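Notes for the one structure printed next.
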Protein chains: 2
Amino acid sequence: MASAHVLDAAERVFLERGYAGTRLRDIADVLGIRPASLYHHAPGGKRELWDRVVARAFDRHRDGLRTAAEQAGPTLRDELVSMASWLLAQPPVNVAALAASDIGAAPKDEAHETAERMYQSLMVPIADVYRAAQERGEALSVPHPDLFSGVFVAAVNGLAATERAGSLPRAANDLAAEVVSLLLDGVLSQREGN
Amino acid sequence: MASAHVLDAAERVFLERGYAGTRLRDIADVLGIRPASLYHHAPGGKRELWDRVVARAFDRHRDGLRTAAEQAGPTLRDELVSMASWLLAQPPVNVAALAASDIGAAPKDEAHETAERMYQSLMVPIADVYRAAQERGEALSVPHPDLFSGVFVAAVNGLAATERAGSLPRAANDLAAEVVSLLLDGVLSQREGN
DNA sequence: GTCTATAGTCTGATAGAC
DNA sequence: GTCTATCAGACTATAGAC
């Protein structure tokens, strides 16, 4: 049960309004059915839909980020640009903010589980490529991969938000390259890429 | 009406659970009063409490950021470290994510107003010091102040979130200096400060 | 797989006493 | 300024027909 079609609709609404702000009615409207019909696809109701949506989104991010890194060039910069592009191309709004809004509301143990899953799916893949680059001797000045990955994800999401606000009209690939350059080279730098 | 004490309680709960996830009961519990009593302080009910909390928080951020910049040294780096420190010392959780959770839920015109207020209070003060530094010839490689301010706010918030997750135990001032260094110098750089 | 009908609960809000 | 009592509406969820 709970076909991809139903989860797509649920994800769209949950991402836009958060868990508490979403009514079953909203999801049903997107599908063109009645709220009661949702219980055929997800007997556990609203909470089951949420859990499935979050789990699927995090898995997608983990796989997408890993694949993006693998398909990219050999340098940290190439890998990060590829990952940032993938993130920027992702569905409207960021999964992290979505999950964070729920973390405050959900029971403590469930919140912790969500936070852990987010960490594993978003931070770890980035920290991994960063750590590998460190071992290759590429990245030096920021010792902690976790610090970098946290800032990276936040920066890309912030960039996406700023972009959608309309104040920065330009292409997605350019944006990815620009934010990566900002993090790798810094704003004071004038050096050429690598 | 709506004393600071009441707004403090409301802000604490709203910041933690978001607008939709907050019940008047929760705010009343913090104050040790009954939900109905809240209507004496805010006749407009939940929505009025929210509006006052958001307006006050944004004003506080605008003033706090401006003051932090003024009290800091003459360089962009000093100003940004001061601003980052102030942001990191702010109440639990970030105002941006809070507002964003509401933007998806609120009516379109109100959402636009909230977004505009957030932009004016968070992005503009940072973009201002960045622009001034550009005119002094300090910052070069990122042409758009809006791009930088968006990434800056997001990075600091992401840093705060990562910090609270417990994986990076260290002092707040160090964190501020580190994230500013990351943005100004980049991770590949090994140069000394400016 | 979707529907109607409805139960049960929660929540925002109002009225009026103290 | 806070209370009790209460209403009206909205929401999740269930039961059972089609």
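Following the order of the structure tokens, first chain is A, next is B, and so on, with residues numbered from 1 inside each chain and ligands from 1 in the order they appear.
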Could you give me, as a Markdown table, a per-residue list for chain C showing, wherever an atom lies at most 9 Å from an atom of chain B, the closest pair of atoms and their distance in Å to one decimal, using only C-alpha atoms (C1' of nucleotides) and sorting by chain then residue number from low to high?
| residue | atom | partner | partner_atom | distance |
| --- | --- | --- | --- | --- |
| C:DT11 | C1' | B:Arg23 | CA | 7.5 |
| C:DG12 | C1' | B:Lys46 | CA | 7.9 |
| C:DA13 | C1' | B:Gly45 | CA | 7.7 |
Do you know which residues are at most 7 Å from Ala68 (chain A) counting only C-alpha atoms (C1' of nucleotides), after dropping those on the same chain fewer than 2 positions away, and could you put them as a VMD selection string? chain A and resid 64 to 66 70 to 72 82 to 83 86
With N, CA and C atoms retained, could you export that selection as a tab-separated table (two decimals), in the first residue's frame?
chain	number	residue	atom	x	y	z
A	64	GLY	N	21.06	10.22	-3.79
A	64	GLY	CA	21.34	11.27	-4.77
A	64	GLY	C	22.69	11.93	-4.53
A	65	LEU	N	22.99	12.20	-3.28
A	65	LEU	CA	24.26	12.85	-2.95
A	65	LEU	C	25.44	11.92	-3.23
A	66	ARG	N	25.27	10.67	-2.85
A	66	ARG	CA	26.36	9.71	-3.08
A	66	ARG	C	26.62	9.53	-4.57
A	70	GLU	N	29.95	10.40	-6.84
A	70	GLU	CA	30.64	9.36	-7.61
A	70	GLU	C	30.80	9.75	-9.08
A	71	GLN	N	29.78	10.40	-9.60
A	71	GLN	CA	29.81	10.75	-11.02
A	71	GLN	C	30.67	11.97	-11.32
A	72	ALA	N	31.14	12.63	-10.27
A	72	ALA	CA	31.89	13.86	-10.47
A	72	ALA	C	33.38	13.57	-10.63
A	82	SER	N	28.89	19.04	-7.91
A	82	SER	CA	27.92	18.04	-8.33
A	82	SER	C	26.84	17.84	-7.26
A	83	MET	N	27.25	17.76	-6.01
A	83	MET	CA	26.30	17.58	-4.91
A	83	MET	C	25.41	18.80	-4.74
A	86	TRP	N	22.83	18.90	-7.43
A	86	TRP	CA	21.76	17.94	-7.17
A	86	TRP	C	20.79	18.48	-6.12
Write out as an mmCIF file with C-alpha atoms (C1' of nucleotides), in the first residue's frame each polymer residue whose atoms come within 12 Å of DT4 (chain D), counting only C-alpha atoms (C1' of nucleotides); drop sequence neighbours fewer than 5 positions from it.
data_model
loop_
_atom_site.group_PDB
_atom_site.id
_atom_site.type_symbol
_atom_site.label_atom_id
_atom_site.label_comp_id
_atom_site.auth_asym_id
_atom_site.auth_seq_id
_atom_site.Cartn_x
_atom_site.Cartn_y
_atom_site.Cartn_z
ATOM 1 C CA ARG B 34 -5.620 29.515 31.634
ATOM 2 C CA PRO B 35 -5.874 29.765 27.828
ATOM 3 C CA ALA B 36 -8.844 32.124 28.083
ATOM 4 C CA SER B 37 -6.741 34.585 30.081
ATOM 5 C "C1'" DA C 15 -19.441 35.566 27.805
ATOM 6 C "C1'" DG C 16 -19.627 36.820 32.131
ATOM 7 C "C1'" DA C 17 -18.492 36.163 37.333
ATOM 8 C "C1'" DC C 18 -14.924 37.289 40.697
#
Could the residues of chain B that have an atom at most 8 Å from chain A be listed as CSV, each with its closest atom pair and the distance in Å to one decimal, counting only C-alpha atoms and ordered by chain and ascending residue number?
residue,atom,partner,partner_atom,distance
B:Glu16,CA,A:Gly104,CA,5.3
B:Arg17,CA,A:Gly104,CA,5.1
B:Gly18,CA,A:Ser101,CA,6.7
B:Ala20,CA,A:Gly21,CA,5.1
B:Gly21,CA,A:Ala20,CA,5.1
B:Ala97,CA,A:Ala97,CA,6.6
B:Leu98,CA,A:Ser101,CA,7.9
B:Ser101,CA,A:Arg17,CA,6.7
B:Asp102,CA,A:Arg17,CA,7.6
B:Gly104,CA,A:Arg17,CA,5.1
B:Ala105,CA,A:Arg17,CA,5.2
B:Glu138,CA,A:Leu188,CA,7.3
B:Ala139,CA,A:Leu188,CA,5.3
B:Leu140,CA,A:Leu188,CA,6.0
B:Ser141,CA,A:Val187,CA,5.2
B:Val142,CA,A:Val187,CA,5.8
B:Asp146,CA,A:Ser167,CA,7.5
B:Leu147,CA,A:Leu159,CA,7.1
B:Gly150,CA,A:Gly158,CA,5.8
B:Val151,CA,A:Ala155,CA,4.8
B:Phe152,CA,A:Ala155,CA,7.3
B:Val153,CA,A:Gly158,CA,7.6
B:Ala154,CA,A:Gly158,CA,5.0
B:Ala155,CA,A:Val151,CA,4.8
B:Val156,CA,A:Val151,CA,7.5
B:Asn157,CA,A:Ala154,CA,7.4
B:Gly158,CA,A:Ala154,CA,5.0
B:Leu159,CA,A:Val151,CA,5.9
B:Thr162,CA,A:Gly150,CA,6.1
B:Ser167,CA,A:Asp146,CA,7.5
B:Leu168,CA,A:Leu147,CA,7.3
B:Leu182,CA,A:Leu183,CA,6.4
B:Leu183,CA,A:Gly186,CA,5.0
B:Leu184,CA,A:Gly186,CA,4.4
B:Asp185,CA,A:Gly186,CA,4.2
B:Gly186,CA,A:Gly186,CA,3.7
B:Val187,CA,A:Leu184,CA,4.8
B:Leu188,CA,A:Ala139,CA,5.3
B:Ser189,CA,A:Ser141,CA,6.4
B:Gln190,CA,A:Ser141,CA,6.1
If you run DSSP over the backbone, which residues in region 48-155 of chain A end up helix (DSSP H, G or I)? Put them as a PyMOL selection string. chain A and resi 48-71+76-89+95-105+108-136+145-155
File of the preceding selection, C-alpha atoms, as an mmCIF file, in the first residue's frame:
data_model
loop_
_atom_site.group_PDB
_atom_site.id
_atom_site.type_symbol
_atom_site.label_atom_id
_atom_site.label_comp_id
_atom_site.auth_asym_id
_atom_site.auth_seq_id
_atom_site.Cartn_x
_atom_site.Cartn_y
_atom_site.Cartn_z
ATOM 1 C CA GLU A 48 2.147 6.877 8.718
ATOM 2 C CA LEU A 49 2.041 9.133 5.675
ATOM 3 C CA TRP A 50 4.511 11.485 7.334
ATOM 4 C CA ASP A 51 6.878 8.716 8.335
ATOM 5 C CA ARG A 52 6.869 7.209 4.843
ATOM 6 C CA VAL A 53 7.388 10.595 3.212
ATOM 7 C CA VAL A 54 10.294 11.498 5.467
ATOM 8 C CA ALA A 55 11.966 8.116 5.146
ATOM 9 C CA ARG A 56 11.651 8.178 1.367
ATOM 10 C CA ALA A 57 12.934 11.758 1.073
ATOM 11 C CA PHE A 58 15.973 11.040 3.217
ATOM 12 C CA ASP A 59 16.803 7.880 1.295
ATOM 13 C CA ARG A 60 16.519 9.814 -1.931
ATOM 14 C CA HIS A 61 18.871 12.479 -0.631
ATOM 15 C CA ARG A 62 21.427 9.996 0.614
ATOM 16 C CA ASP A 63 21.463 8.115 -2.680
ATOM 17 C CA GLY A 64 21.343 11.270 -4.775
ATOM 18 C CA LEU A 65 24.258 12.852 -2.949
ATOM 19 C CA ARG A 66 26.361 9.710 -3.084
ATOM 20 C CA THR A 67 25.680 9.222 -6.778
ATOM 21 C CA ALA A 68 26.392 12.868 -7.524
ATOM 22 C CA ALA A 69 29.752 12.571 -5.802
ATOM 23 C CA GLU A 70 30.643 9.364 -7.607
ATOM 24 C CA GLN A 71 29.805 10.747 -11.019
ATOM 25 C CA LEU A 76 36.714 17.915 -3.845
ATOM 26 C CA ARG A 77 35.514 20.902 -5.814
ATOM 27 C CA ASP A 78 34.011 18.776 -8.555
ATOM 28 C CA GLU A 79 32.307 16.529 -6.076
ATOM 29 C CA LEU A 80 30.856 19.434 -4.126
ATOM 30 C CA VAL A 81 29.607 21.237 -7.222
ATOM 31 C CA SER A 82 27.920 18.040 -8.326
ATOM 32 C CA MET A 83 26.296 17.582 -4.908
ATOM 33 C CA ALA A 84 25.209 21.206 -4.692
ATOM 34 C CA SER A 85 23.684 21.008 -8.164
ATOM 35 C CA TRP A 86 21.757 17.936 -7.173
ATOM 36 C CA LEU A 87 20.494 19.590 -4.002
ATOM 37 C CA LEU A 88 19.459 22.736 -5.851
ATOM 38 C CA ALA A 89 17.598 20.653 -8.421
ATOM 39 C CA VAL A 95 14.061 18.535 3.639
ATOM 40 C CA ALA A 96 16.102 19.684 6.592
ATOM 41 C CA ALA A 97 13.786 22.556 7.503
ATOM 42 C CA LEU A 98 10.824 20.254 7.081
ATOM 43 C CA ALA A 99 12.206 17.703 9.450
ATOM 44 C CA ALA A 100 13.352 20.370 11.882
ATOM 45 C CA SER A 101 9.863 21.780 12.143
ATOM 46 C CA ASP A 102 8.642 18.359 13.140
ATOM 47 C CA ILE A 103 11.473 17.670 15.533
ATOM 48 C CA GLY A 104 10.204 20.332 17.887
ATOM 49 C CA ALA A 105 6.680 18.953 17.818
ATOM 50 C CA LYS A 108 11.297 13.142 22.021
ATOM 51 C CA ASP A 109 12.306 9.680 20.856
ATOM 52 C CA GLU A 110 10.770 10.063 17.417
ATOM 53 C CA ALA A 111 12.357 13.488 17.083
ATOM 54 C CA HIS A 112 15.743 12.028 17.875
ATOM 55 C CA GLU A 113 15.251 9.336 15.274
ATOM 56 C CA THR A 114 14.337 11.917 12.640
ATOM 57 C CA ALA A 115 17.377 14.013 13.513
ATOM 58 C CA GLU A 116 19.617 10.983 13.299
ATOM 59 C CA ARG A 117 18.198 9.970 9.941
ATOM 60 C CA MET A 118 18.680 13.496 8.626
ATOM 61 C CA TYR A 119 22.259 13.489 9.808
ATOM 62 C CA GLN A 120 22.979 10.164 8.136
ATOM 63 C CA SER A 121 21.375 11.156 4.841
ATOM 64 C CA LEU A 122 22.574 14.740 4.432
ATOM 65 C CA MET A 123 25.656 15.338 6.543
ATOM 66 C CA VAL A 124 27.441 12.022 6.313
ATOM 67 C CA PRO A 125 27.694 11.804 2.506
ATOM 68 C CA ILE A 126 29.202 15.282 2.409
ATOM 69 C CA ALA A 127 31.464 14.725 5.373
ATOM 70 C CA ASP A 128 32.679 11.552 3.657
ATOM 71 C CA VAL A 129 33.921 13.262 0.523
ATOM 72 C CA TYR A 130 35.421 16.013 2.662
ATOM 73 C CA ARG A 131 37.263 13.501 4.809
ATOM 74 C CA ALA A 132 38.516 11.683 1.739
ATOM 75 C CA ALA A 133 39.825 14.972 0.368
ATOM 76 C CA GLN A 134 41.574 15.631 3.657
ATOM 77 C CA GLU A 135 43.283 12.280 3.397
ATOM 78 C CA ARG A 136 44.348 13.163 -0.113
ATOM 79 C CA PRO A 145 34.175 17.336 8.390
ATOM 80 C CA ASP A 146 30.985 17.719 10.427
ATOM 81 C CA LEU A 147 31.454 21.460 10.678
ATOM 82 C CA PHE A 148 31.954 21.735 6.958
ATOM 83 C CA SER A 149 29.050 19.502 5.996
ATOM 84 C CA GLY A 150 26.689 21.391 8.290
ATOM 85 C CA VAL A 151 27.655 24.726 6.810
ATOM 86 C CA PHE A 152 27.562 23.304 3.295
ATOM 87 C CA VAL A 153 24.022 21.982 3.571
ATOM 88 C CA ALA A 154 22.852 25.153 5.292
ATOM 89 C CA ALA A 155 24.527 27.374 2.718
#
Rounded to one decimal in Å, what is the spacing between CA of Val6 (chain B) and CA of Pro91 (chain B)? 15.9 Å
Give me, please, the distance in Å between CA of Glu11 (chain A) and C1' of DA5 (chain C), quoted to one decimal.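 According to the coordinates, CA of Glu11 (chain A) and C1' of DA5 (chain C) are separated by 28.7 Å.
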Residues of chain D within 10 Å of chain B, counting only C-alpha atoms (C1' of nucleotides), what are they? List them as a compact mmCIF listing (two decimals) with C-alpha atoms (C1' of nucleotides), in the first residue's frame.
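And here's out_23.txt as it stands now:
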# COMPACT_ATOMS: atom_id res chain seq x y z
C1' DG D 1 -6.13 40.12 35.33
C1' DT D 2 -7.66 35.55 35.87
C1' DC D 3 -11.16 32.42 36.29
C1' DT D 4 -15.21 28.80 34.85
